[in-house]
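**Q** What follows is start-v6.pdb, made up of PDB, C-alpha atoms:
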```
ATOM      1  CA  MET A 847      20.706  -5.909 -12.542
ATOM      2  CA  SER A 848      22.984  -3.502 -10.616
ATOM      3  CA  SER A 849      20.175  -0.977 -10.020
ATOM      4  CA  PHE A 850      16.416  -1.304  -9.856
ATOM      5  CA  ARG A 851      13.973   1.574 -10.257
ATOM      6  CA  LEU A 852      10.592   1.102  -8.618
ATOM      7  CA  THR A 853       7.592   3.437  -8.515
ATOM      8  CA  GLN A 854       5.067   3.047  -5.698
ATOM      9  CA  ILE A 855       1.545   4.284  -6.220
ATOM     10  CA  SER A 856      -1.217   3.787  -3.687
ATOM     11  CA  ASP A 857      -4.853   4.427  -2.881
ATOM     12  CA  THR A 858      -5.931   5.064  -6.459
ATOM     13  CA  HIS A 859      -9.584   4.393  -5.443
ATOM     14  CA  LEU A 860     -10.744   3.985  -9.014
ATOM     15  CA  ALA A 861     -14.390   3.774 -10.092
ATOM     16  CA  ARG A 862     -16.080   4.547 -13.390
ATOM     17  CA  ARG A 863     -18.368   7.066 -11.631
ATOM     18  CA  LEU A 864     -15.501   9.141 -10.169
ATOM     19  CA  ALA A 865     -13.934  10.933 -13.108
ATOM     20  CA  LYS A 866     -11.662  13.167 -11.006
ATOM     21  CA  LEU A 867      -9.890  10.114  -9.623
ATOM     22  CA  THR A 868      -9.549   8.644 -13.103
ATOM     23  CA  ASP A 869      -8.041  11.943 -14.247
ATOM     24  CA  ASN A 870      -5.441  11.838 -11.479
ATOM     25  CA  PHE A 871      -4.587   8.255 -12.390
ATOM     26  CA  HIS A 872      -4.083   9.227 -16.041
ATOM     27  CA  ARG A 873      -1.710  12.011 -14.965
ATOM     28  CA  VAL A 874       0.286   9.499 -12.933
ATOM     29  CA  ALA A 875       0.213   7.040 -15.842
ATOM     30  CA  SER A 876       1.684   9.715 -18.124
ATOM     31  CA  HIS A 877       4.457  10.342 -15.606
ATOM     32  CA  ILE A 878       5.177   6.603 -15.440
ATOM     33  CA  ASP A 879       5.276   6.490 -19.221
ATOM     34  CA  ALA A 880       7.809   9.337 -19.218
ATOM     35  CA  THR A 881      10.043   7.912 -16.489
ATOM     36  CA  ARG A 882       9.758   4.173 -17.297
ATOM     37  CA  PRO A 883      10.657   2.511 -13.975
ATOM     38  CA  ASP A 884      11.432  -1.192 -13.922
ATOM     39  CA  LEU A 885       8.303  -1.921 -11.877
ATOM     40  CA  VAL A 886       5.180  -0.234 -10.508
ATOM     41  CA  ILE A 887       3.721  -1.368  -7.185
ATOM     42  CA  ASN A 888       0.214  -0.333  -6.175
ATOM     43  CA  SER A 889       0.200  -0.775  -2.403
ATOM     44  CA  GLY A 890      -3.550  -1.098  -2.072
ATOM     45  CA  ASP A 891      -7.000   0.415  -2.428
ATOM     46  CA  LEU A 892      -6.929   0.065  -6.178
ATOM     47  CA  ALA A 893     -10.730   0.365  -6.152
ATOM     48  CA  PHE A 894     -13.034   2.899  -4.540
ATOM     49  CA  SER A 895     -15.273   0.251  -2.977
ATOM     50  CA  ALA A 896     -14.888  -3.276  -4.337
ATOM     51  CA  PRO A 897     -16.869  -4.983  -1.512
ATOM     52  CA  THR A 898     -19.997  -3.007  -2.499
ATOM     53  CA  SER A 899     -19.206  -2.266  -6.170
ATOM     54  CA  PRO A 900     -17.232  -5.194  -7.634
ATOM     55  CA  ASP A 901     -16.919  -3.420 -10.984
ATOM     56  CA  ASP A 902     -14.625  -0.863  -9.328
ATOM     57  CA  LEU A 903     -11.912  -3.519  -9.141
ATOM     58  CA  ALA A 904     -12.334  -4.541 -12.769
ATOM     59  CA  PHE A 905     -12.175  -0.891 -13.821
ATOM     60  CA  ALA A 906      -9.009  -0.388 -11.764
ATOM     61  CA  LYS A 907      -7.367  -3.416 -13.353
ATOM     62  CA  SER A 908      -8.231  -2.183 -16.848
ATOM     63  CA  LEU A 909      -6.486   1.144 -16.228
ATOM     64  CA  HIS A 910      -3.411  -0.475 -14.680
ATOM     65  CA  ALA A 911      -3.219  -2.878 -17.628
ATOM     66  CA  GLU A 912      -2.584   0.134 -19.877
ATOM     67  CA  LEU A 913       0.561   1.158 -17.983
ATOM     68  CA  PRO A 914       3.724   0.667 -20.058
ATOM     69  CA  VAL A 915       5.657  -1.218 -17.353
ATOM     70  CA  ALA A 916       5.051  -4.324 -15.249
ATOM     71  CA  CYS A 917       2.903  -3.965 -12.105
ATOM     72  CA  ARG A 918       2.528  -5.773  -8.822
ATOM     73  CA  TYR A 919      -0.395  -5.226  -6.487
ATOM     74  CA  LEU A 920      -1.389  -5.527  -2.848
ATOM     75  CA  PRO A 921      -4.960  -5.405  -1.539
ATOM     76  CA  GLY A 922      -6.320  -2.568   0.556
ATOM     77  CA  ASN A 923      -9.401  -2.338   2.732
ATOM     78  CA  HIS A 924     -11.406  -0.878  -0.160
ATOM     79  CA  ASP A 925     -10.444  -3.953  -2.210
ATOM     80  CA  ILE A 926     -11.160  -6.864   0.169
ATOM     81  CA  GLY A 927     -12.623  -5.305   3.340
ATOM     82  CA  ASP A 928     -10.997  -4.219   6.593
ATOM     83  CA  ASN A 929      -9.484  -6.162   9.479
ATOM     84  CA  PRO A 930     -10.818  -6.101  13.046
ATOM     85  CA  THR A 931      -8.883  -4.433  15.855
ATOM     86  CA  ALA A 932      -8.946  -4.986  19.609
ATOM     87  CA  VAL A 933     -10.336  -1.469  20.072
ATOM     88  CA  GLY A 934     -12.561   0.629  17.876
ATOM     89  CA  PRO A 935     -15.679  -0.194  15.883
ATOM     90  CA  VAL A 936     -16.230  -3.408  13.957
ATOM     91  CA  PRO A 937     -15.500  -2.836  10.235
ATOM     92  CA  SER A 938     -18.620  -2.184   8.165
ATOM     93  CA  HIS A 939     -17.128  -4.405   5.470
ATOM     94  CA  PRO A 940     -14.884  -7.024   7.136
ATOM     95  CA  ALA A 941     -12.179  -8.716   5.115
ATOM     96  CA  SER A 942     -13.379 -12.117   3.931
ATOM     97  CA  GLU A 943     -12.154 -15.088   1.932
ATOM     98  CA  GLN A 944     -14.809 -14.287  -0.691
ATOM     99  CA  HIS A 945     -13.540 -10.728  -1.168
ATOM    100  CA  LEU A 946      -9.971 -12.039  -1.266
ATOM    101  CA  GLN A 947     -10.797 -14.635  -3.895
ATOM    102  CA  ASN A 948     -12.434 -11.925  -5.989
ATOM    103  CA  PHE A 949      -9.268  -9.825  -5.724
ATOM    104  CA  ARG A 950      -7.138 -12.755  -6.808
ATOM    105  CA  ALA A 951      -9.474 -13.526  -9.710
ATOM    106  CA  VAL A 952      -9.478  -9.940 -11.003
ATOM    107  CA  ILE A 953      -6.072  -8.569  -9.980
ATOM    108  CA  GLY A 954      -3.830 -11.560  -9.208
ATOM    109  CA  GLU A 955      -1.667 -12.544  -6.248
ATOM    110  CA  ASP A 956      -2.173 -10.713  -2.948
ATOM    111  CA  ARG A 957       1.353 -11.385  -1.649
ATOM    112  CA  TRP A 958       4.704 -11.822  -3.355
ATOM    113  CA  ARG A 959       8.468 -11.995  -3.026
ATOM    114  CA  PHE A 960      11.115 -11.278  -5.644
ATOM    115  CA  ASP A 961      14.818 -10.366  -5.716
ATOM    116  CA  GLU A 962      16.445  -7.508  -7.654
ATOM    117  CA  ALA A 963      19.688  -5.523  -7.393
ATOM    118  CA  GLY A 964      20.836  -7.541  -4.399
ATOM    119  CA  TRP A 965      17.591  -6.878  -2.488
ATOM    120  CA  CYS A 966      14.732  -9.089  -1.378
ATOM    121  CA  PHE A 967      11.303  -7.481  -1.916
ATOM    122  CA  VAL A 968       8.331  -8.797   0.077
ATOM    123  CA  GLY A 969       4.703  -7.765  -0.409
ATOM    124  CA  LEU A 970       2.122  -8.733   2.217
ATOM    125  CA  ASN A 971      -1.654  -8.644   2.481
ATOM    126  CA  SER A 972      -2.128  -6.589   5.658
ATOM    127  CA  LEU A 973      -5.951  -6.735   5.587
ATOM    128  CA  ILE A 974      -6.240 -10.423   6.470
ATOM    129  CA  MET A 975      -4.091  -9.946   9.576
ATOM    130  CA  ASN A 976      -5.974 -10.416  12.845
ATOM    131  CA  THR A 977      -8.975 -11.902  11.000
ATOM    132  CA  GLY A 978      -8.488 -15.561  11.901
ATOM    133  CA  LEU A 979      -9.115 -16.470   8.255
ATOM    134  CA  GLY A 980      -7.322 -19.478   6.836
ATOM    135  CA  SER A 981      -5.499 -17.205   4.411
ATOM    136  CA  GLU A 982      -3.948 -15.326   7.348
ATOM    137  CA  ALA A 983      -2.286 -18.485   8.703
ATOM    138  CA  GLU A 984      -1.210 -19.473   5.180
ATOM    139  CA  GLN A 985       0.442 -16.083   4.660
ATOM    140  CA  PHE A 986       2.399 -16.253   7.928
ATOM    141  CA  ASP A 987       3.625 -19.761   7.031
ATOM    142  CA  TRP A 988       4.599 -18.537   3.553
ATOM    143  CA  LEU A 989       6.374 -15.508   5.033
ATOM    144  CA  ALA A 990       8.408 -17.633   7.442
ATOM    145  CA  SER A 991       9.570 -19.766   4.517
ATOM    146  CA  GLU A 992      10.483 -16.749   2.371
ATOM    147  CA  LEU A 993      12.369 -14.962   5.156
ATOM    148  CA  SER A 994      14.427 -18.097   5.771
ATOM    149  CA  ARG A 995      15.800 -17.707   2.221
ATOM    150  CA  THR A 996      16.910 -14.075   2.178
ATOM    151  CA  ASN A 997      20.544 -15.200   2.642
ATOM    152  CA  GLY A 998      21.619 -11.922   4.222
ATOM    153  CA  ARG A 999      20.192  -9.684   1.503
ATOM    154  CA  PRO A1000      18.631  -6.390   2.635
ATOM    155  CA  VAL A1001      14.839  -6.580   2.695
ATOM    156  CA  ALA A1002      12.175  -4.101   1.559
ATOM    157  CA  LEU A1003       8.638  -4.730   2.824
ATOM    158  CA  PHE A1004       5.551  -3.397   1.068
ATOM    159  CA  LEU A1005       2.052  -3.525   2.552
ATOM    160  CA  HIS A1006      -1.092  -1.387   2.575
ATOM    161  CA  LYS A1007      -1.278  -0.347   6.216
ATOM    162  CA  PRO A1008       1.690   1.159   8.060
ATOM    163  CA  LEU A1009       2.942  -1.009  10.892
ATOM    164  CA  TYR A1010       2.585   1.800  13.429
ATOM    165  CA  LEU A1011       2.570   5.575  13.900
ATOM    166  CA  ASP A1012       5.932   6.219  15.588
ATOM    167  CA  ALA A1013       7.201   3.099  17.368
ATOM    168  CA  PRO A1014       6.541  -0.671  17.483
ATOM    169  CA  ASP A1015       4.986  -0.508  20.938
ATOM    170  CA  ASP A1016       2.560   2.319  20.148
ATOM    171  CA  PRO A1017      -0.708   1.545  21.936
ATOM    172  CA  GLU A1018      -3.782   0.892  19.853
ATOM    173  CA  LEU A1019      -6.257   3.744  20.216
ATOM    174  CA  GLU A1020      -9.937   3.589  19.343
ATOM    175  CA  ALA A1021      -9.710   6.609  17.064
ATOM    176  CA  SER A1022      -6.726   5.380  15.041
ATOM    177  CA  ALA A1023      -6.432   1.581  15.312
ATOM    178  CA  ILE A1024      -7.773   1.098  11.779
ATOM    179  CA  ARG A1025      -4.821   3.069  10.355
ATOM    180  CA  TYR A1026      -2.164   0.524  11.334
ATOM    181  CA  VAL A1027      -1.490  -3.205  11.285
ATOM    182  CA  PRO A1028      -3.438  -4.475  14.307
ATOM    183  CA  GLN A1029      -2.044  -6.302  17.292
ATOM    184  CA  PRO A1030      -1.074  -9.066  17.841
ATOM    185  CA  ALA A1031      -0.241  -9.480  14.141
ATOM    186  CA  ARG A1032       1.949  -6.360  14.281
ATOM    187  CA  ALA A1033       4.142  -7.798  17.032
ATOM    188  CA  ARG A1034       4.408 -11.098  15.184
ATOM    189  CA  LEU A1035       5.536  -9.339  11.994
ATOM    190  CA  ILE A1036       8.111  -7.271  13.857
ATOM    191  CA  GLU A1037       9.501 -10.407  15.489
ATOM    192  CA  MET A1038       9.681 -12.281  12.175
ATOM    193  CA  PHE A1039      11.396  -9.430  10.338
ATOM    194  CA  GLY A1040      13.801  -9.063  13.254
ATOM    195  CA  THR A1041      15.597 -12.128  11.907
ATOM    196  CA  VAL A1042      16.501 -10.448   8.588
ATOM    197  CA  ASP A1043      18.166  -7.231   7.406
ATOM    198  CA  LEU A1044      14.975  -5.161   7.067
ATOM    199  CA  ARG A1045      15.777  -1.686   5.687
ATOM    200  CA  LEU A1046      12.491  -0.331   4.296
ATOM    201  CA  ILE A1047       8.772  -0.541   5.091
ATOM    202  CA  ALA A1048       6.645   1.101   2.389
ATOM    203  CA  SER A1049       2.919   1.527   2.881
ATOM    204  CA  GLY A1050      -0.089   3.645   1.923
ATOM    205  CA  HIS A1051      -3.621   3.757   3.388
ATOM    206  CA  VAL A1052      -3.344   6.976   5.417
ATOM    207  CA  HIS A1053      -3.473   9.324   2.389
ATOM    208  CA  GLN A1054      -0.615  11.340   3.869
ATOM    209  CA  ARG A1055       2.988  11.516   2.704
ATOM    210  CA  ARG A1056       5.445  10.620   5.450
ATOM    211  CA  ASP A1057       9.083   9.518   5.648
ATOM    212  CA  PHE A1058      10.844   8.658   8.923
ATOM    213  CA  THR A1059      13.396   6.224  10.301
ATOM    214  CA  TYR A1060      13.044   4.055  13.399
ATOM    215  CA  GLY A1061      16.219   2.162  14.275
ATOM    216  CA  ARG A1062      17.638   0.907  10.989
ATOM    217  CA  VAL A1063      14.302   0.846   9.186
ATOM    218  CA  ARG A1064      13.065   3.653   6.953
ATOM    219  CA  HIS A1065       9.294   3.987   6.841
ATOM    220  CA  VAL A1066       7.767   5.556   3.725
ATOM    221  CA  TRP A1067       4.055   6.317   3.580
ATOM    222  CA  ALA A1068       2.942   6.853   0.001
ATOM    223  CA  PRO A1069       0.221   9.449  -0.447
ATOM    224  CA  SER A1070      -2.948   8.672  -2.356
ATOM    225  CA  VAL A1071      -2.889   9.002  -6.122
ATOM    226  CA  GLY A1072      -6.548   9.983  -5.938
ATOM    227  CA  PHE A1073      -7.629  12.274  -3.106
ATOM    228  CA  VAL A1074      -6.940  13.846   0.287
ATOM    229  CA  ILE A1075      -9.051  13.345   3.415
ATOM    230  CA  PRO A1076     -10.415  16.501   5.096
ATOM    231  CA  GLY A1077      -9.464  17.463   8.625
ATOM    232  CA  ARG A1078     -12.922  16.772  10.011
ATOM    233  CA  MET A1079     -12.378  13.078   9.175
ATOM    234  CA  GLN A1080      -8.656  12.687   9.839
ATOM    235  CA  PRO A1081      -6.042  14.646  11.814
ATOM    236  CA  LEU A1082      -2.932  15.968  10.144
ATOM    237  CA  ILE A1083      -0.045  13.549  10.746
ATOM    238  CA  ALA A1084       2.339  14.503   7.946
ATOM    239  CA  ILE A1085       1.614  16.004   4.496
ATOM    240  CA  LYS A1086      -1.850  15.818   2.931
ATOM    241  CA  GLU A1087      -1.341  15.799  -0.809
ATOM    242  CA  THR A1088      -1.705  13.456  -3.754
ATOM    243  CA  GLY A1089       1.412  12.013  -5.352
ATOM    244  CA  LEU A1090       3.638   8.954  -5.662
ATOM    245  CA  VAL A1091       7.047   7.674  -4.541
ATOM    246  CA  GLU A1092      10.035   6.701  -6.664
ATOM    247  CA  TYR A1093      12.844   4.412  -5.455
ATOM    248  CA  ARG A1094      16.223   3.420  -6.834
ATOM    249  CA  PHE A1095      17.792   0.328  -5.290
ATOM    250  CA  THR A1096      21.442  -0.627  -5.671
ATOM    251  CA  PRO A1097      23.248  -3.396  -3.801
ATOM    252  CA  ASP A1098      23.174  -2.459  -0.098
ATOM    253  CA  SER A1099      21.578   1.009  -0.549
ATOM    254  CA  PHE A1100      18.494   2.802  -1.846
ATOM    255  CA  GLU A1101      17.239   6.298  -2.671
ATOM    256  CA  VAL A1102      13.739   7.733  -2.262
ATOM    257  CA  ARG A1103      12.129  10.571  -4.237
ATOM    258  CA  HIS A1104       8.785  12.062  -3.220
ATOM    259  CA  VAL A1105       7.112  13.395  -6.359
ATOM    260  CA  ARG A1106       3.832  14.529  -7.849
ATOM    261  CA  ALA A1107       2.870  13.852 -11.413
ATOM    262  CA  PRO A1108       2.537  16.946 -13.608
ATOM    263  CA  GLY A1109      -1.023  18.233 -13.306
ATOM    264  CA  GLN A1110      -1.957  15.971 -10.382
ATOM    265  CA  VAL A1111      -4.707  17.593  -8.280
ATOM    266  CA  ASP A1112      -5.472  17.430  -4.541
ATOM    267  CA  VAL A1113      -9.061  16.224  -4.863
ATOM    268  CA  ASP A1114     -10.922  16.745  -1.568
ATOM    269  CA  LEU A1115     -12.984  13.757  -0.435
ATOM    270  CA  ASP A1116     -15.926  15.927   0.657
ATOM    271  CA  GLU A1117     -16.064  17.580  -2.741
ATOM    272  CA  LEU A1118     -15.684  14.243  -4.478
ATOM    273  CA  LEU A1119     -18.566  12.575  -2.650
ATOM    274  CA  GLN A1120     -20.815  15.592  -2.847
ATOM    275  CA  LYS A1121     -20.593  15.695  -6.621
ATOM    276  CA  ALA A1122     -20.411  11.973  -7.315
ATOM    277  CA  PRO A1123     -23.576  10.385  -8.698
ATOM    278  CA  ALA A1124     -25.107   7.577  -6.701
ATOM    279  CA  SER A1125     -23.552   4.216  -7.502
TER     280      SER A1125
END
```
Let me see the file written as structure tokens.
**A**
Amino acid sequence: MSSFRLTQISDTHLARRLAKLTDNFHRVASHIDATRPDLVINSGDLAFSAPTSPDDLAFAKSLHAELPVACRYLPGNHDIGDNPTAVGPVPSHPASEQHLQNFRAVIGEDRWRFDEAGWCFVGLNSLIMNTGLGSEAEQFDWLASELSRTNGRPVALFLHKPLYLDAPDDPELEASAIRYVPQPARARLIEMFGTVDLRLIASGHVHQRRDFTYGRVRHVWAPSVGFVIPGRMQPLIAIKETGLVEYRFTPDSFEVRHVRAPGQVDVDLDELLQKAPAS
């Protein structure tokens, strides 16, 4: 295949009780049906709160199963729990092997690698990083093996959490550590990917659309499909809006389009939770 069209969606946060988020997903699904990419990647937080409401994950899978193209998935903190950081509060729902096994049972693999259009695509589970879980060590071993076989191809990395805000050596801050891949896992990832031709890091999690380049690597933050987070809960870093990201890869190059599906609405989290019935 000389070109490969990929659509990244993220932070769908689906739950049967949250109709506004389902509506936004259906608008995105209609756009995907109209554009027919070769693959859809959901970069995490498929569910609104799988650790406390396991049915959210099953509901999310049922909606994704109706999409007209193949999908790959990565877990987010609302799917398997969050990872600890050196600073900041302990997660209320820590990532666990049990939550991860539930994700794998309902959704499928939580990491992957495939090759298309002369590129190597790698998807990682960023929520088990810094946990000390057995699955974290297994993933790093798997990643080392996969990176040893890129054979010079350019690499695109997908994961839920961005690696960092602006630069690899950004300090972890109590107020924002949960937004990024925690140290020391971040440094280990950067070192490992330093051995290959990394061109793209695509993430979600922050619910803000952002696109910047550091060195030779382009960083794309996909916005949430579902909702935006109000200023009282999160500072403005880039663009707070719902939407998705479309990519076209050709040998040795790629294009990025930042789009919104027709009719997609910027649902405010405060409004959503105020009007949502108790789960």
**Q** Check what the PyMOL selection byres ((chain A and resi 959-965) around 10) selects in the file above and give those residues as a ChimeraX atom specification.
**A** /A:847-851,957-958,966-970,989,992-993,996,998-1004,1043,1045,1094-1100
**Q** Find the residues near A:Asp925: any atom within 8 Å, counting all atoms listed in the file, skip ones fewer than 4 places away on the same chain, and give them as a short mmCIF file (atom, residue, chain, number, x, y, z; two decimals) with C-alpha atoms, keeping the file's coordinate frame.
**A**
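Result went into part_23.cif, see below:
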```cif
data_model
loop_
_atom_site.label_atom_id
_atom_site.label_comp_id
_atom_site.auth_asym_id
_atom_site.auth_seq_id
_atom_site.Cartn_x
_atom_site.Cartn_y
_atom_site.Cartn_z
CA GLY A 890 -3.55 -1.10 -2.07
CA ASP A 891 -7.00 0.42 -2.43
CA LEU A 892 -6.93 0.06 -6.18
CA ALA A 893 -10.73 0.36 -6.15
CA PHE A 894 -13.03 2.90 -4.54
CA SER A 895 -15.27 0.25 -2.98
CA ALA A 896 -14.89 -3.28 -4.34
CA PRO A 897 -16.87 -4.98 -1.51
CA LEU A 903 -11.91 -3.52 -9.14
CA PRO A 921 -4.96 -5.40 -1.54
CA HIS A 945 -13.54 -10.73 -1.17
CA PHE A 949 -9.27 -9.82 -5.72
#
```
**Q** Need to verify the contact set: A:Thr1059, 10 Å, all atoms listed in the file, exclusion of same-chain residues closer than 4 positions in sequence. Can you return it as a list in words?
**A** Asp1012, Ala1013, Arg1045, Leu1046, Ile1047, Val1063, Arg1064, His1065 and Val1066 of chain A
**Q** Taking only C-alpha atoms into account, which of A:Arg1106, A:Gly1061, A:Leu1035, A:Asp1116 comes nearest A:Pro1076?
**A** A:Asp1116
**Q** Show me as a PyMOL selection string the residues that reach within 12 Å of (-5.9, -13.9, 5.9), counting only C-alpha atoms and using the file's own coordinates.
**A** chain A and resi 921+926-930+940-947+956-957+970-988+1031
**Q** With the file shown as input, list the residues that the PyMOL selection byres ((chain A and resi 871) around 12) selects, as an MDAnalysis selection string.
**A** chainID A and resid 855:861 864:870 872:878 888 892:893 905:906 908:910 912:913 1070:1073 1088:1090 1106:1111 1113
**Q** From the options A:Glu1087, A:Asp884, A:Glu1018, A:Asp1114, which residue's atoms come nearest to A:Val1052, counting all atoms listed in the file?
**A** A:Glu1087
**Q** Expressed in Å to a single decimal, how great is the separation between atom CA of A:Arg863 and atom CA of A:His1053?
**A**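 A separation of 20.6 Å between them.
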**Q** Ranking A:Arg950, A:Arg862, A:Lys1007, A:Arg882 by minimum distance to A:Ala916 and counting only C-alpha atoms, which one comes first?
**A** A:Arg882
**Q** Interatomic distance between atom CA of A:Gly934 and atom CA of A:Gly1050?
**A**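 Atom-to-atom, atom CA of A:Gly934 to atom CA of A:Gly1050, that is 20.5 Å.
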**Q** I need the residue set behind the PyMOL selection byres ((chain A and resi 1024-1028) around 6) for this file; please write it as a PyMOL selection string.
**A** chain A and resi 931+1007-1010+1022-1023+1029+1031-1032
**Q** What is the atom CA of A:Thr1041-atom CA of A:Asn997 distance in Å, reported with one decimal?
**A**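 Between these atoms lies a distance of 10.9 Å.
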**Q** Which of these, A:Thr898, A:Leu1119, A:Asp1015, A:Gln854, has the shortest distance to A:Val1105 once you count all atoms listed in the file?
**A** A:Gln854
**Q** Please determine an axis-aligned box that encloses all atoms of stretch 926-939 of chain A listed in the file, with 5 Å added on each side, and express its centre and edge lengths in Å to one decimal as AutoDock Vina command-line options.
**A**
```
--center_x -13.8 --center_y -3.1 --center_z 10.1 --size_x 19.7 --size_y 17.5 --size_z 29.9
```
**Q** Using all atoms listed in the file, which of A:Pro1014, A:Ala1048, A:Arg1055, A:Pro1069 sits nearest A:Ile1036?
**A**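 Nearest candidate to A:Ile1036 out of A:Pro1014, A:Ala1048, A:Arg1055, A:Pro1069: A:Pro1014.
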**Q** Nearest to A:Arg1034: which of A:Leu1118, A:Val933, A:Ala990, A:Ala1084 is it, counting all atoms listed in the file?
**A**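 The closest residue to A:Arg1034 is A:Ala990.
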